[in-house]
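To be precise, the following lines are input.cif, and they hold mmCIF, C-alpha atoms and all ligand atoms.
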```cif
data_target
#
loop_
_atom_site.label_atom_id
_atom_site.label_comp_id
_atom_site.auth_asym_id
_atom_site.auth_seq_id
_atom_site.Cartn_x
_atom_site.Cartn_y
_atom_site.Cartn_z
CA MET S 1 -25.22 -8.20 -53.19
CA LEU S 2 -27.56 -7.19 -55.91
CA ASN S 3 -31.02 -7.54 -54.41
CA ASN S 4 -32.96 -4.76 -56.08
CA ILE S 5 -32.98 -2.34 -58.96
CA GLY S 6 -35.39 0.28 -57.66
CA GLU S 7 -38.84 -1.28 -57.46
CA TRP S 8 -37.67 -4.58 -59.01
CA LYS S 9 -36.60 -7.44 -56.82
CA VAL S 10 -33.63 -9.14 -58.54
CA ILE S 11 -33.51 -12.94 -58.45
CA VAL S 12 -30.49 -14.64 -60.00
CA LEU S 13 -31.30 -18.04 -61.48
CA GLU S 14 -28.26 -20.29 -62.00
CA THR S 15 -29.85 -22.80 -64.38
CA GLY S 16 -26.67 -24.65 -65.33
CA ASP S 17 -23.26 -24.65 -66.93
CA PHE S 18 -21.73 -25.77 -70.20
CA ARG S 19 -18.53 -25.42 -72.16
CA LEU S 20 -17.53 -23.91 -75.48
CA ASP S 21 -14.25 -23.83 -77.34
CA GLY S 22 -11.98 -21.28 -75.65
CA GLY S 23 -10.49 -20.06 -78.92
CA ALA S 24 -13.92 -19.47 -80.43
CA MET S 25 -15.00 -17.57 -77.33
CA MET S 26 -11.95 -15.30 -77.36
CA GLY S 27 -11.58 -14.68 -81.11
CA SER S 28 -8.19 -13.24 -82.02
CA VAL S 29 -6.89 -13.17 -78.43
CA PRO S 30 -4.10 -15.78 -78.01
CA LYS S 31 -4.55 -18.61 -75.53
CA VAL S 32 -1.52 -17.56 -73.46
CA LEU S 33 -3.55 -14.50 -72.49
CA TRP S 34 -7.04 -15.94 -72.00
CA GLU S 35 -6.10 -19.17 -70.24
CA LYS S 36 -5.06 -17.18 -67.16
CA THR S 37 -8.61 -16.01 -66.54
CA ASN S 38 -10.53 -18.76 -68.34
CA PRO S 39 -8.73 -22.12 -67.95
CA SER S 40 -9.58 -24.75 -70.56
CA ASP S 41 -10.19 -28.49 -70.31
CA GLU S 42 -8.41 -31.22 -72.34
CA LEU S 43 -10.67 -30.41 -75.32
CA ASN S 44 -9.77 -26.71 -75.11
CA ARG S 45 -13.23 -25.84 -73.80
CA ILE S 46 -13.91 -23.17 -71.16
CA ASP S 47 -16.72 -22.89 -68.60
CA LEU S 48 -19.82 -20.83 -69.26
CA SER S 49 -22.88 -20.38 -67.10
CA LEU S 50 -26.57 -20.13 -68.05
CA ARG S 51 -27.61 -17.42 -65.62
CA CYS S 52 -31.16 -16.23 -66.15
CA LEU S 53 -32.55 -13.16 -64.40
CA LEU S 54 -35.96 -12.89 -62.79
CA LEU S 55 -37.38 -9.46 -61.95
CA ASP S 56 -40.43 -9.08 -59.70
CA ASN S 57 -42.12 -5.77 -58.85
CA GLY S 58 -45.16 -7.31 -57.21
CA THR S 59 -47.23 -7.01 -60.39
CA LYS S 60 -44.98 -8.35 -63.12
CA ARG S 61 -42.67 -11.31 -62.91
CA VAL S 62 -40.24 -10.97 -65.79
CA LEU S 63 -37.81 -13.69 -66.81
CA ILE S 64 -34.84 -12.78 -69.00
CA GLU S 65 -33.52 -15.81 -70.99
CA THR S 66 -34.56 -19.41 -70.55
CA GLY S 67 -31.28 -21.35 -70.39
CA MET S 68 -30.48 -24.46 -72.41
CA GLY S 69 -33.75 -26.28 -71.75
CA ASN S 70 -33.76 -30.08 -71.71
CA LYS S 71 -34.84 -31.13 -75.20
CA PHE S 72 -31.35 -32.16 -76.35
CA ASN S 73 -29.91 -35.69 -76.75
CA ASP S 74 -26.84 -37.28 -75.11
CA LYS S 75 -24.53 -36.44 -78.00
CA PHE S 76 -25.40 -32.75 -77.70
CA LYS S 77 -25.04 -32.91 -73.92
CA THR S 78 -21.54 -34.41 -74.21
CA MET S 79 -20.42 -32.04 -76.96
CA PHE S 80 -21.20 -29.00 -74.82
CA ALA S 81 -20.48 -30.64 -71.43
CA ILE S 82 -23.88 -29.49 -70.20
CA GLN S 83 -24.27 -29.68 -66.44
CA GLN S 84 -27.69 -28.93 -65.04
CA SER S 85 -30.63 -30.64 -63.38
CA SER S 86 -33.14 -32.46 -65.56
CA ASN S 87 -35.62 -29.57 -65.18
CA PRO S 88 -33.29 -26.62 -64.73
CA LEU S 89 -35.78 -23.77 -64.99
CA SER S 90 -38.59 -25.20 -62.88
CA ASP S 91 -36.06 -26.32 -60.25
CA THR S 92 -34.39 -22.93 -59.93
CA LEU S 93 -37.69 -21.03 -60.04
CA SER S 94 -39.23 -23.22 -57.34
CA GLU S 95 -36.23 -22.59 -55.07
CA TYR S 96 -37.52 -19.02 -54.89
CA GLY S 97 -41.19 -19.94 -54.72
CA TYR S 98 -42.13 -19.37 -58.37
CA LEU S 99 -43.90 -21.62 -60.85
CA PHE S 100 -43.87 -21.54 -64.65
CA GLU S 101 -47.45 -20.27 -64.37
CA SER S 102 -46.44 -17.27 -62.24
CA ILE S 103 -44.22 -15.71 -64.92
CA THR S 104 -45.96 -12.86 -66.76
CA ASP S 105 -43.21 -12.01 -69.27
CA VAL S 106 -40.31 -13.84 -70.87
CA ILE S 107 -37.71 -11.74 -72.66
CA LEU S 108 -35.26 -13.45 -75.01
CA THR S 109 -32.21 -11.41 -76.01
CA HIS S 110 -31.81 -13.56 -79.12
CA LEU S 111 -32.82 -17.02 -80.23
CA HIS S 112 -29.51 -18.92 -80.05
CA PHE S 113 -30.06 -22.34 -78.45
CA ASP S 114 -28.23 -21.54 -75.22
CA HIS S 115 -30.61 -18.60 -74.58
CA SER S 116 -33.96 -19.86 -75.88
CA GLY S 117 -33.71 -23.60 -75.11
CA GLY S 118 -36.09 -23.46 -72.15
CA ALA S 119 -38.81 -21.39 -73.84
CA LEU S 120 -40.81 -24.49 -74.80
CA ASN S 121 -41.41 -27.82 -73.10
CA SER S 122 -42.55 -31.17 -74.47
CA ASP S 123 -45.99 -32.18 -73.24
CA ASP S 124 -47.01 -35.81 -72.46
CA ILE S 125 -47.31 -36.77 -76.11
CA GLY S 126 -44.18 -34.94 -77.23
CA THR S 127 -45.80 -31.80 -78.61
CA LEU S 128 -43.83 -28.61 -77.98
CA VAL S 129 -45.79 -26.15 -75.89
CA PRO S 130 -44.81 -22.83 -74.28
CA ALA S 131 -43.15 -23.52 -70.93
CA PHE S 132 -44.69 -20.34 -69.52
CA PRO S 133 -48.38 -20.58 -70.46
CA ASN S 134 -49.37 -17.21 -68.96
CA ALA S 135 -46.46 -15.20 -70.31
CA GLN S 136 -45.92 -12.90 -73.24
CA TYR S 137 -42.66 -13.81 -74.97
CA HIS S 138 -40.75 -10.71 -76.13
CA VAL S 139 -38.32 -11.20 -79.02
CA SER S 140 -36.75 -8.56 -81.24
CA GLU S 141 -38.38 -8.28 -84.63
CA SER S 142 -35.12 -8.49 -86.58
CA ASN S 143 -33.80 -11.44 -84.59
CA TRP S 144 -37.06 -13.32 -85.11
CA GLU S 145 -36.77 -12.78 -88.87
CA LEU S 146 -33.25 -14.20 -88.77
CA GLY S 147 -34.20 -17.04 -86.44
CA ILE S 148 -36.89 -18.38 -88.74
CA ALA S 149 -34.54 -18.20 -91.76
CA PRO S 150 -30.95 -18.26 -90.44
CA ASN S 151 -27.96 -17.61 -92.65
CA PRO S 152 -25.39 -20.39 -93.22
CA ARG S 153 -22.87 -18.81 -90.85
CA ASP S 154 -24.89 -19.19 -87.64
CA ARG S 155 -27.51 -21.71 -88.70
CA ALA S 156 -26.23 -24.27 -86.15
CA SER S 157 -27.16 -21.92 -83.29
CA TYR S 158 -30.75 -21.34 -84.42
CA LEU S 159 -32.88 -24.40 -83.69
CA ASN S 160 -36.43 -23.74 -84.83
CA GLU S 161 -37.91 -26.17 -82.33
CA ASN S 162 -36.85 -23.79 -79.55
CA TYR S 163 -39.18 -20.98 -80.62
CA LEU S 164 -41.26 -21.47 -83.78
CA PRO S 165 -44.37 -22.77 -81.91
CA LEU S 166 -44.54 -19.52 -79.90
CA LYS S 167 -46.08 -17.77 -82.86
CA ASP S 168 -48.94 -20.23 -83.28
CA ALA S 169 -49.54 -20.21 -79.53
CA GLY S 170 -50.24 -16.47 -79.80
CA LEU S 171 -47.77 -15.60 -77.07
CA LEU S 172 -45.16 -13.90 -79.22
CA ASN S 173 -44.63 -10.15 -78.98
CA LEU S 174 -42.15 -8.80 -81.53
CA ILE S 175 -40.19 -5.81 -80.27
CA ALA S 176 -39.07 -2.97 -82.51
CA GLU S 177 -35.48 -1.73 -82.14
CA ASN S 178 -34.61 0.15 -78.96
CA SER S 179 -38.12 0.37 -77.58
CA GLU S 180 -39.84 -0.05 -74.26
CA ILE S 181 -40.90 -3.62 -73.56
CA LEU S 182 -42.52 -2.96 -70.19
CA PRO S 183 -42.48 0.22 -68.10
CA GLY S 184 -38.82 0.76 -67.13
CA ILE S 185 -37.59 -2.20 -69.18
CA SER S 186 -36.32 -1.48 -72.68
CA SER S 187 -34.33 -3.07 -75.46
CA TYR S 188 -30.86 -1.95 -76.56
CA ILE S 189 -30.14 -3.42 -79.95
CA VAL S 190 -26.70 -4.59 -81.05
CA ASN S 191 -26.02 -6.42 -84.30
CA GLY S 192 -22.38 -7.57 -84.21
CA HIS S 193 -22.90 -10.94 -82.51
CA THR S 194 -26.03 -11.72 -84.48
CA THR S 195 -28.71 -9.58 -86.11
CA GLY S 196 -31.09 -7.93 -83.67
CA GLN S 197 -29.67 -9.06 -80.33
CA GLN S 198 -31.56 -7.05 -77.71
CA LEU S 199 -29.69 -6.25 -74.52
CA ILE S 200 -32.16 -5.52 -71.75
CA LYS S 201 -32.00 -2.28 -69.81
CA VAL S 202 -33.84 -2.07 -66.50
CA GLU S 203 -34.23 1.42 -65.05
CA SER S 204 -35.94 2.20 -61.78
CA GLU S 205 -35.48 4.88 -59.12
CA ASP S 206 -32.15 6.09 -60.59
CA GLU S 207 -30.69 2.60 -60.72
CA VAL S 208 -29.83 0.87 -63.98
CA LEU S 209 -29.01 -2.72 -64.77
CA VAL S 210 -28.25 -4.02 -68.24
CA PHE S 211 -28.41 -7.68 -69.16
CA CYS S 212 -25.34 -7.85 -71.40
CA SER S 213 -26.08 -11.22 -72.99
CA ASP S 214 -23.59 -11.99 -75.78
CA LEU S 215 -22.25 -8.46 -76.27
CA ILE S 216 -20.17 -9.12 -73.12
CA PRO S 217 -20.67 -12.81 -72.39
CA LEU S 218 -17.79 -13.20 -69.92
CA ARG S 219 -16.11 -10.77 -67.56
CA SER S 220 -12.99 -11.13 -69.72
CA HIS S 221 -14.88 -9.55 -72.62
CA LEU S 222 -14.91 -6.22 -70.77
CA LYS S 223 -11.57 -5.72 -72.51
CA LEU S 224 -12.40 -4.05 -75.81
CA PRO S 225 -10.42 -6.26 -78.24
CA TRP S 226 -11.75 -9.49 -76.69
CA ILE S 227 -14.48 -10.33 -79.21
CA MET S 228 -15.97 -13.77 -79.79
CA GLY S 229 -14.99 -15.66 -82.93
CA TYR S 230 -18.67 -16.60 -83.16
CA ASP S 231 -19.72 -13.02 -83.87
CA LEU S 232 -21.08 -12.38 -87.36
CA ASN S 233 -19.35 -8.99 -87.53
CA ALA S 234 -16.45 -8.56 -85.10
CA LEU S 235 -15.71 -4.98 -86.13
CA LEU S 236 -19.30 -3.96 -85.48
CA SER S 237 -19.16 -5.72 -82.09
CA LEU S 238 -16.07 -3.67 -81.26
CA GLN S 239 -17.83 -0.42 -82.17
CA GLU S 240 -20.95 -1.39 -80.23
CA LYS S 241 -18.92 -2.43 -77.19
CA THR S 242 -16.90 0.79 -77.25
CA LYS S 243 -20.08 2.88 -77.14
CA PHE S 244 -21.83 0.63 -74.65
CA LEU S 245 -18.99 0.49 -72.10
CA GLN S 246 -18.60 4.25 -72.16
CA GLU S 247 -22.32 4.64 -71.44
CA ALA S 248 -22.14 2.00 -68.72
CA ALA S 249 -19.24 3.72 -66.96
CA ASP S 250 -20.83 7.17 -67.27
CA GLY S 251 -24.23 5.94 -66.11
CA ASP S 252 -22.97 3.78 -63.21
CA TRP S 253 -24.84 0.80 -64.67
CA TRP S 254 -24.81 -2.70 -63.28
CA LEU S 255 -23.66 -5.05 -66.05
CA PHE S 256 -25.22 -8.48 -65.64
CA PHE S 257 -23.44 -11.49 -67.19
CA TYR S 258 -25.32 -14.49 -68.54
CA HIS S 259 -22.25 -16.63 -69.26
CA ASP S 260 -19.57 -15.77 -66.71
CA PRO S 261 -19.04 -18.83 -64.49
CA LYS S 262 -17.96 -16.78 -61.45
CA THR S 263 -19.14 -13.19 -61.73
CA VAL S 264 -22.82 -12.24 -61.75
CA ALA S 265 -22.54 -8.49 -62.27
CA VAL S 266 -20.09 -5.59 -62.18
CA LYS S 267 -19.90 -1.83 -62.26
CA ILE S 268 -17.03 -0.27 -64.18
CA GLU S 269 -15.05 2.93 -64.56
CA LYS S 270 -12.74 4.04 -67.32
CA GLY S 271 -9.11 3.13 -66.62
CA GLU S 272 -5.95 4.00 -68.50
CA LYS S 273 -6.05 1.07 -70.91
CA TYR S 274 -9.29 -0.75 -70.20
CA TYR S 275 -12.32 -0.33 -68.00
CA ASN S 276 -11.72 -1.25 -64.37
CA VAL S 277 -14.20 -3.17 -62.28
CA VAL S 278 -15.18 -1.08 -59.25
CA LYS S 279 -17.96 -3.26 -57.87
CA GLU S 280 -18.43 -6.98 -58.36
CA VAL S 281 -21.09 -9.47 -57.33
CA PHE S 282 -19.88 -13.07 -57.31
CA ARG S 283 -21.87 -16.23 -57.90
CA GLN S 284 -23.33 -17.61 -54.71
CA ASN S 285 -24.92 -20.91 -55.56
CA GLY S 286 -25.75 -23.38 -58.32
ZN ZN E 1 -24.82 -17.20 -75.59
#
```
Would you mind giving the structure from this file in structure tokens?
Ligand SMILES: [Zn+2]
Amino acid sequence: MLNNIGEWKVIVLETGDFRLDGGAMMGSVPKVLWEKTNPSDELNRIDLSLRCLLLDNGTKRVLIETGMGNKFNDKFKTMFAIQQSSNPLSDTLSEYGYLFESITDVILTHLHFDHSGGALNSDDIGTLVPAFPNAQYHVSESNWELGIAPNPRDRASYLNENYLPLKDAGLLNLIAENSEILPGISSYIVNGHTTGQQLIKVESEDEVLVFCSDLIPLRSHLKLPWIMGYDLNALLSLQEKTKFLQEAADGDWWLFFYHDPKTVAVKIEKGEKYYNVVKEVFRQNG
């Protein structure tokens, strides 16, 4: 199990599941290869999780990602086969004794809808308000710039209503590239998937965990050539992944997956062709 990274208690929040097109998730990898590890449904969609991470050191309670939220309509729900409770974040937090109000920091790796959807809630009269009223929301500077004016290629993934009100609420903290967000928690910027995606590196007492977000969304993407078709720049993703996996193997890092339906986290070592998984934490609940 993965209970702690040094001083940080690690709480895995399974907020829900959804599906995306298997071909789009695997890019140039043919289906005969990927369907063995990631079976598809009749619409060619594969399972993805929405696994947020809560870190608690007794002073700070830090939430990484906010899931899909619940502001979408039935058409959207059907299109992405979203399966979750009607209040996914508050339900999973309360299982572990936390409230929205107890969270001190929310870190978003990037503003795509499946990562930022739970950042805001509708109040009684339908106004969007921060779901975590006492939290600072940490977003990378360059991803924020893109999110408020997305390019045509990934416009469909950036829904302003998921994050724009954070600025007016005064809770937004824009993070410069590769900088410390909180003591022991820093950003690791990659730009292949989208501009300014910040992976989150947690370091404490010689232990390291990295929240891999959409650099390595599924366990299958540990293989270098497996790059999402969604990525803005697949070649850059390949370069970034090559460097990142080498560092992860050398540093004995835990790699935490947001989207893998079965595997929460792994440690890897360099093998002959690919990196081999040497430790693996499987999904327990949700
Ligand atoms: Zn994603």
Go through chain S and flag each residue having an atom no more than 10 Å from ligand ZN 1 (chain E); for those, report the closest pair of atoms plus their distance in Å to one decimal, using only C-alpha atoms and all ligand atoms, ordered by chain and rising number, as CSV.
```
residue,atom,partner,partner_atom,distance
S:Leu20,CA,E:ZN1,ZN,9.9
S:Met25,CA,E:ZN1,ZN,10.0
S:Leu48,CA,E:ZN1,ZN,8.8
S:Ser49,CA,E:ZN1,ZN,9.3
S:Leu50,CA,E:ZN1,ZN,8.3
S:Glu65,CA,E:ZN1,ZN,9.9
S:Gly67,CA,E:ZN1,ZN,9.3
S:Met68,CA,E:ZN1,ZN,9.7
S:Thr109,CA,E:ZN1,ZN,9.4
S:His110,CA,E:ZN1,ZN,8.6
S:Leu111,CA,E:ZN1,ZN,9.2
S:His112,CA,E:ZN1,ZN,6.7
S:Phe113,CA,E:ZN1,ZN,7.9
S:Asp114,CA,E:ZN1,ZN,5.5
S:His115,CA,E:ZN1,ZN,6.0
S:Ser116,CA,E:ZN1,ZN,9.5
S:Ser157,CA,E:ZN1,ZN,9.3
S:His193,CA,E:ZN1,ZN,9.5
S:Ser213,CA,E:ZN1,ZN,6.6
S:Asp214,CA,E:ZN1,ZN,5.4
S:Leu215,CA,E:ZN1,ZN,9.1
S:Ile216,CA,E:ZN1,ZN,9.6
S:Pro217,CA,E:ZN1,ZN,6.8
S:Leu218,CA,E:ZN1,ZN,9.9
S:Tyr230,CA,E:ZN1,ZN,9.8
S:Tyr258,CA,E:ZN1,ZN,7.6
S:His259,CA,E:ZN1,ZN,6.9
```
Next, dump the selected residues to file, keeping only C-alpha atoms, as a PDB file, in the frame of the given file.
```pdb
ATOM      1  CA  LEU S  20     -17.530 -23.910 -75.480  1.00  0.00           C
ATOM      2  CA  MET S  25     -15.000 -17.570 -77.330  1.00  0.00           C
ATOM      3  CA  LEU S  48     -19.820 -20.830 -69.260  1.00  0.00           C
ATOM      4  CA  SER S  49     -22.880 -20.380 -67.100  1.00  0.00           C
ATOM      5  CA  LEU S  50     -26.570 -20.130 -68.050  1.00  0.00           C
ATOM      6  CA  GLU S  65     -33.520 -15.810 -70.990  1.00  0.00           C
ATOM      7  CA  GLY S  67     -31.280 -21.350 -70.390  1.00  0.00           C
ATOM      8  CA  MET S  68     -30.480 -24.460 -72.410  1.00  0.00           C
ATOM      9  CA  THR S 109     -32.210 -11.410 -76.010  1.00  0.00           C
ATOM     10  CA  HIS S 110     -31.810 -13.560 -79.120  1.00  0.00           C
ATOM     11  CA  LEU S 111     -32.820 -17.020 -80.230  1.00  0.00           C
ATOM     12  CA  HIS S 112     -29.510 -18.920 -80.050  1.00  0.00           C
ATOM     13  CA  PHE S 113     -30.060 -22.340 -78.450  1.00  0.00           C
ATOM     14  CA  ASP S 114     -28.230 -21.540 -75.220  1.00  0.00           C
ATOM     15  CA  HIS S 115     -30.610 -18.600 -74.580  1.00  0.00           C
ATOM     16  CA  SER S 116     -33.960 -19.860 -75.880  1.00  0.00           C
ATOM     17  CA  SER S 157     -27.160 -21.920 -83.290  1.00  0.00           C
ATOM     18  CA  HIS S 193     -22.900 -10.940 -82.510  1.00  0.00           C
ATOM     19  CA  SER S 213     -26.080 -11.220 -72.990  1.00  0.00           C
ATOM     20  CA  ASP S 214     -23.590 -11.990 -75.780  1.00  0.00           C
ATOM     21  CA  LEU S 215     -22.250  -8.460 -76.270  1.00  0.00           C
ATOM     22  CA  ILE S 216     -20.170  -9.120 -73.120  1.00  0.00           C
ATOM     23  CA  PRO S 217     -20.670 -12.810 -72.390  1.00  0.00           C
ATOM     24  CA  LEU S 218     -17.790 -13.200 -69.920  1.00  0.00           C
ATOM     25  CA  TYR S 230     -18.670 -16.600 -83.160  1.00  0.00           C
ATOM     26  CA  TYR S 258     -25.320 -14.490 -68.540  1.00  0.00           C
ATOM     27  CA  HIS S 259     -22.250 -16.630 -69.260  1.00  0.00           C
TER      28      HIS S 259
END
```
Quick one: 6 Å padding each side, axis-aligned, all listed atoms of segment 35-42 of chain S - centre and edge lengths in Å to one decimal, as lines of an AutoDock Vina configuration file?
```
center_x = -7.8
center_y = -23.6
center_z = -69.4
size_x = 17.5
size_y = 27.2
size_z = 17.8
```
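Counting from atom CA of Ser86 of chain S, the distance to atom CA of Asn70 of chain S is 6.6 Å.
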Straight-line distance linking atom CA of Asn276 of chain S with atom CA of Leu209 of chain S, stated in Å to one decimal = 17.4 Å
message = For Thr194 of chain S, find every residue with an atom within 9 Å (counting all atoms listed in the file), except residues of its own chain fewer than 3 positions away, and show them as a ChimeraX atom specification.
response = /S:110,143,146,154,190-191,197,230-233
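Atom CA of Asn4 of chain S is positioned 26.6 Å from atom CA of Asn87 of chain S.
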task = Kindly indicate which residue among S:Trp144, S:Tyr275, S:Tyr96, S:Phe211 lies nearest to Ala176 of chain S, using all atoms listed in the file for the distances.
result = S:Trp144
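Candidate residues S:Glu180, S:Gly117, S:Gln84, S:Glu14 were compared for distance to Tyr158 of chain S, and the nearest is S:Gly117, using all atoms listed in the file.
The shell of residues at most 9 Å from Ala265 of chain S, with all atoms listed in the file counted and near chain neighbours (fewer than 6 positions) removed, consists of Leu2, Arg219, Trp254, Leu255, Phe256, Phe257, Lys279, Glu280, Val281, Phe282 and Arg283 of chain S.
Among the candidate residues S:Asp124, S:Glu247, S:Asp56, S:Asp74, the one lying nearest to Glu7 of chain S is S:Asp56, with distances computed using only C-alpha atoms.
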task = Find the residues around segment 165-169 of chain S up to 8 Å (all atoms listed in the file counted), leave out those fewer than 5 positions away in its own chain, and share them as a list in words.
result = Leu128, Val129, Pro130 and Tyr137 of chain S
inquiry  = Just want the 7 Å neighbourhood of Glu101 of chain S, counted on all atoms listed in the file, with same-chain residues fewer than 2 positions away dropped. Output as a VMD selection string.
reply    = chain S and resid 99 103 132 to 134
query = Once you count all atoms listed in the file, which residues end up no further than 9 Å from (-40.3, -2.2, -67.6) in the file's frame, shown as a ChimeraX atom specification?
reply = /S:60,62,180-186,201-204
key: Nearest residue to Ile175 of chain S from the set S:Ile107, S:Thr195, S:Gly147, S:Met26 (distances using all atoms listed in the file)   = S:Ile107
request  = Find the residue from S:Leu171, S:Val278, S:Ile148, S:Val139 that sits nearest to Thr104 of chain S; use only C-alpha atoms when measuring.
outcome  = S:Leu171
request  = May I have the protein, DNA and RNA residues with any atom at most 12 Å from the point (-14.7, -24.4, -75.4), counting all atoms listed in the file, written as a PyMOL selection string?
outcome  = chain S and resi 18-27+31+34-35+38-48+79-82+228-230
If you keep C-alpha atoms, can you output segment 6-26 of chain S as a compact mmCIF listing (two decimals), in the first residue's frame?
```txt
# COMPACT_ATOMS: atom_id res chain seq x y z
CA GLY S 6 7.42 11.02 4.33
CA GLU S 7 5.42 13.45 6.45
CA TRP S 8 2.43 13.40 4.05
CA LYS S 9 -0.44 11.04 4.60
CA VAL S 10 -1.59 9.82 1.17
CA ILE S 11 -5.33 9.49 0.60
CA VAL S 12 -6.50 8.11 -2.74
CA LEU S 13 -9.85 9.53 -3.84
CA GLU S 14 -11.63 7.46 -6.49
CA THR S 15 -14.12 10.09 -7.65
CA GLY S 16 -15.46 8.19 -10.67
CA ASP S 17 -14.88 6.64 -14.05
CA PHE S 18 -15.53 7.54 -17.66
CA ARG S 19 -14.61 6.39 -21.13
CA LEU S 20 -12.72 7.86 -24.06
CA ASP S 21 -12.06 6.57 -27.55
CA GLY S 22 -9.38 3.87 -27.34
CA GLY S 23 -7.72 4.91 -30.58
CA ALA S 24 -7.47 8.53 -29.46
CA MET S 25 -5.97 7.43 -26.15
CA MET S 26 -3.34 5.24 -27.78
```
